[in-house]
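Heads up: the structure comes next, in structure tokens.
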Amino acid sequence: MRAVLSFILLFSFTLSGAGAEPVVIRFSHVVAEQTPKGSGANRFKQLVEEKLAGRVKVEVFPDAKLYNDDEVFIALLNNDVQLAAPSLSKFSILTKALEVYDLPFLFNDLAAVEWFQNSETGRRLLNALDDKGLKGLGYWPNGMRVISANKPLRSPEDLRHLTLRIEPSKVIEAQYQRLGAIPVKLPLADTRDALRRELVEGQENAWSNIYSQGFQTLQTDITETNHSFQGYMLITSKTFWNGLPADLRSELDTILAQVTEEVKTQAAEQADRDRQAILAAGKTRIIVLTDQERANWRQAMMPVWALFAKQIDPALIATAQAANAGNP
Ligand code: LMR
């Protein structure tokens, strides 16, 4: 009888959740820890472990230690990882709508991107992967893209015949093909080696990725084109997220909202800091374009919009453009 009672007690104790194993959230990403996304992921872990101690455990895997971005979507669906934040340029294999982010010279700056992402349209895009079993939890920025190479690039014509590492985005690929360059899609983790071995002669990225990967040590020049936005969508699998107890989901949402605000502040500061550090090292020239030169880049790249406008949706593009006036 005593044994039966203990069994019943133990059983109800387990069902009540007390003593239950914590939920484990494995967060996989491909950048260094000293970048906006890297610090955001670590900060998320810290806050979760402070506020949800014993209920949720977070494990962060930076630097593509676990998965590259092309593998992480399947890993999420298989529940091998529960959180990721791929660059928006990596989603074009899953949805056309998010290609809007890659259109060159669409957003003037990070403030315009933030307006757009906070707009009803921007928030709706978080559901763009719904039919793929994935859920967008928010956006994290990195920075505006600049182009580095082993020669000065002052005008778009200077790109002719240059091999350039790009993220796997059809828009970015078309943008460089139009300029007579040879875009090569490579994972970030392979880019430093490809530059070192001169398999590619240049690349485009945000300052924090260039600096943390050390690309500036392999490139003579960086042109500050600021031609497109490099940022992330935080994603999870719908099955995992909807399976969490509602109170836990809401706590995690609150923590993510706090981290997102911190990442936004940090991204802007870090872009300046990393740019300065590259300049201070004195090994890489930073080419600051005149208004006329930047207008030339814009004019050369923008025709690529026409190739993608229909599949992205012209109304979506118009809303994004309106964000430049702070009026999405
Ligand atoms: C890249 O591949 O260059 C970026 O998408 C990496 C990142 O996550 O910022």
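Within each chain, counting starts at residue 1; across the structure tokens, chains are named A, B, ... in the order shown, with ligands numbered 1 upward in that order.
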Near Leu103 in chain A, counting only C-alpha atoms, which residues have an atom at most 7 Å away, once you skip same-chain residues fewer than 2 positions from it, shown as a list in words?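 These residues fall inside the cut-off: Val100, Tyr101, Phe105, Leu106, Val171, Ser228 and Trp305 of chain A.
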Take the residues that were just selected and, keeping N, CA, C and O atoms, output them as a PDB file, in the first residue's frame.
```pdb
ATOM      1  N   VAL A 100      12.565  41.148 -50.986  1.00  0.00           N
ATOM      2  CA  VAL A 100      12.463  42.616 -50.972  1.00  0.00           C
ATOM      3  C   VAL A 100      13.675  43.228 -50.267  1.00  0.00           C
ATOM      4  O   VAL A 100      14.189  44.269 -50.665  1.00  0.00           O
ATOM      5  N   TYR A 101      14.138  42.566 -49.202  1.00  0.00           N
ATOM      6  CA  TYR A 101      15.238  43.120 -48.399  1.00  0.00           C
ATOM      7  C   TYR A 101      16.544  43.242 -49.174  1.00  0.00           C
ATOM      8  O   TYR A 101      17.420  43.988 -48.785  1.00  0.00           O
ATOM      9  N   PHE A 105      19.738  49.627 -52.863  1.00  0.00           N
ATOM     10  CA  PHE A 105      19.324  51.026 -52.682  1.00  0.00           C
ATOM     11  C   PHE A 105      17.828  51.156 -52.385  1.00  0.00           C
ATOM     12  O   PHE A 105      17.212  52.146 -52.730  1.00  0.00           O
ATOM     13  N   LEU A 106      17.265  50.133 -51.738  1.00  0.00           N
ATOM     14  CA  LEU A 106      15.852  50.244 -51.339  1.00  0.00           C
ATOM     15  C   LEU A 106      15.732  51.082 -50.069  1.00  0.00           C
ATOM     16  O   LEU A 106      14.917  51.991 -49.979  1.00  0.00           O
ATOM     17  N   VAL A 171      18.649  37.814 -55.937  1.00  0.00           N
ATOM     18  CA  VAL A 171      18.683  39.252 -56.211  1.00  0.00           C
ATOM     19  C   VAL A 171      20.136  39.738 -56.214  1.00  0.00           C
ATOM     20  O   VAL A 171      20.570  40.447 -57.124  1.00  0.00           O
ATOM     21  N   SER A 228      22.789  47.914 -49.493  1.00  0.00           N
ATOM     22  CA  SER A 228      21.628  47.107 -49.071  1.00  0.00           C
ATOM     23  C   SER A 228      21.740  46.744 -47.597  1.00  0.00           C
ATOM     24  O   SER A 228      22.800  46.906 -46.985  1.00  0.00           O
ATOM     25  N   TRP A 305      15.826  45.686 -59.926  1.00  0.00           N
ATOM     26  CA  TRP A 305      14.480  45.672 -59.334  1.00  0.00           C
ATOM     27  C   TRP A 305      13.462  45.103 -60.316  1.00  0.00           C
ATOM     28  O   TRP A 305      12.587  44.338 -59.938  1.00  0.00           O
TER      29      TRP A 305
END
```
Near-Val30 in chain A list (6 Å; only C-alpha atoms; drop same-chain fewer than 2 positions) as a list of chain:residue names: A:Pro62, A:Asp63, A:Ala64
Two-atom distance - CA of Gly143 in chain A, CA of Gly231 in chain A (Å): 6.7 Å
Spatial neighbours of Val31 in chain A, max dist 9 Å, only C-alpha atoms, sep filter under 5 positions, as a PDB file with C-alpha atoms, in the first residue's frame:
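After the write, around05.pdb holds the following:
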```pdb
ATOM      1  CA  LYS A  37      23.808  38.627 -33.673  1.00  0.00           C
ATOM      2  CA  GLY A  38      26.492  36.816 -31.691  1.00  0.00           C
ATOM      3  CA  PRO A  62      28.210  30.372 -32.999  1.00  0.00           C
ATOM      4  CA  ASP A  63      30.531  30.364 -36.036  1.00  0.00           C
ATOM      5  CA  ALA A  64      28.588  27.678 -37.952  1.00  0.00           C
ATOM      6  CA  LEU A 188      30.369  32.748 -44.561  1.00  0.00           C
ATOM      7  CA  ALA A 189      32.510  30.087 -42.897  1.00  0.00           C
ATOM      8  CA  ASN A 209      31.114  40.555 -40.300  1.00  0.00           C
ATOM      9  CA  SER A 212      35.141  39.809 -37.021  1.00  0.00           C
ATOM     10  CA  GLN A 213      36.091  37.508 -39.914  1.00  0.00           C
TER      11      GLN A 213
END
```
Check every protein, DNA and RNA residue against ligand 1, keep those with an atom at most 8 Å away (counting only C-alpha atoms and all ligand atoms), and present them as a list in words.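 These are the residues that qualify: His29, Val30, Val31, Lys37, Asp69, Ala85, Pro86, Ser87, Leu88, Ser89, Lys90, Asn142, Ile166, Glu167, Pro168, Leu186, Pro187, Leu188, Ala189, Glu204, Asn205, Ala206, Asn209, Gln230, Gly231 and Tyr232 of chain A.
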Out of A:Ala268, A:Val24, A:Ala112, A:Ile93, which residue has the shortest atom-to-atom distance to Asn79 in chain A when counting only C-alpha atoms?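 For Asn79 in chain A, the nearest of the candidates is A:Val24.
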As a VMD selection string, please: all residues of range 62-263 of chain A that backbone DSSP puts in strand (DSSP E). chain A and resid 83 to 84 134 to 144 146 to 149 163 to 166 182 to 185 202 to 205 221 to 223 229 to 237
Closest to Asp313 in chain A among A:Ala281, A:Val288, A:Ala97, A:Val58, using only C-alpha atoms?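 With only C-alpha atoms as the atom set, the closest residue is A:Ala97.
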What's the 10 Å shell around Gln219 in chain A, counting only C-alpha atoms, without same-chain residues fewer than 6 positions away, as a list in words? Ser148, Ala149, Asn150, Lys151, Pro152, Leu195, Arg196, Glu201, Gly202, Gln203, Lys283, Thr284 and Arg285 of chain A
Can you work out the spacing between CA of Pro156 in chain A and CA of Leu179 in chain A in Å, to one decimal?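 Here the two named atoms are 6.6 Å from each other.
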Rank nothing, just name the residue among A:Ser28, A:Glu71, A:Gln117, A:Leu289 nearest to Trp140 in chain A, using only C-alpha atoms. A:Gln117
Per DSSP on the backbone, filter range 67-215 of chain A down to the residues in alpha helix (DSSP H) and report them as a PyMOL selection string. chain A and resi 69-77+110-118+120-124+170-178+188-196+207-213
Counting only C-alpha atoms, closest pick from A:Ile182, A:Tyr211, A:Leu125, A:Arg154 relative to Ala271 in chain A is A:Tyr211
Between CA of Ala181 in chain A and CA of Tyr67 in chain A - distance in Å to one decimal: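 Between CA of Tyr67 in chain A and CA of Ala181 in chain A the gap works out to 28.9 Å.
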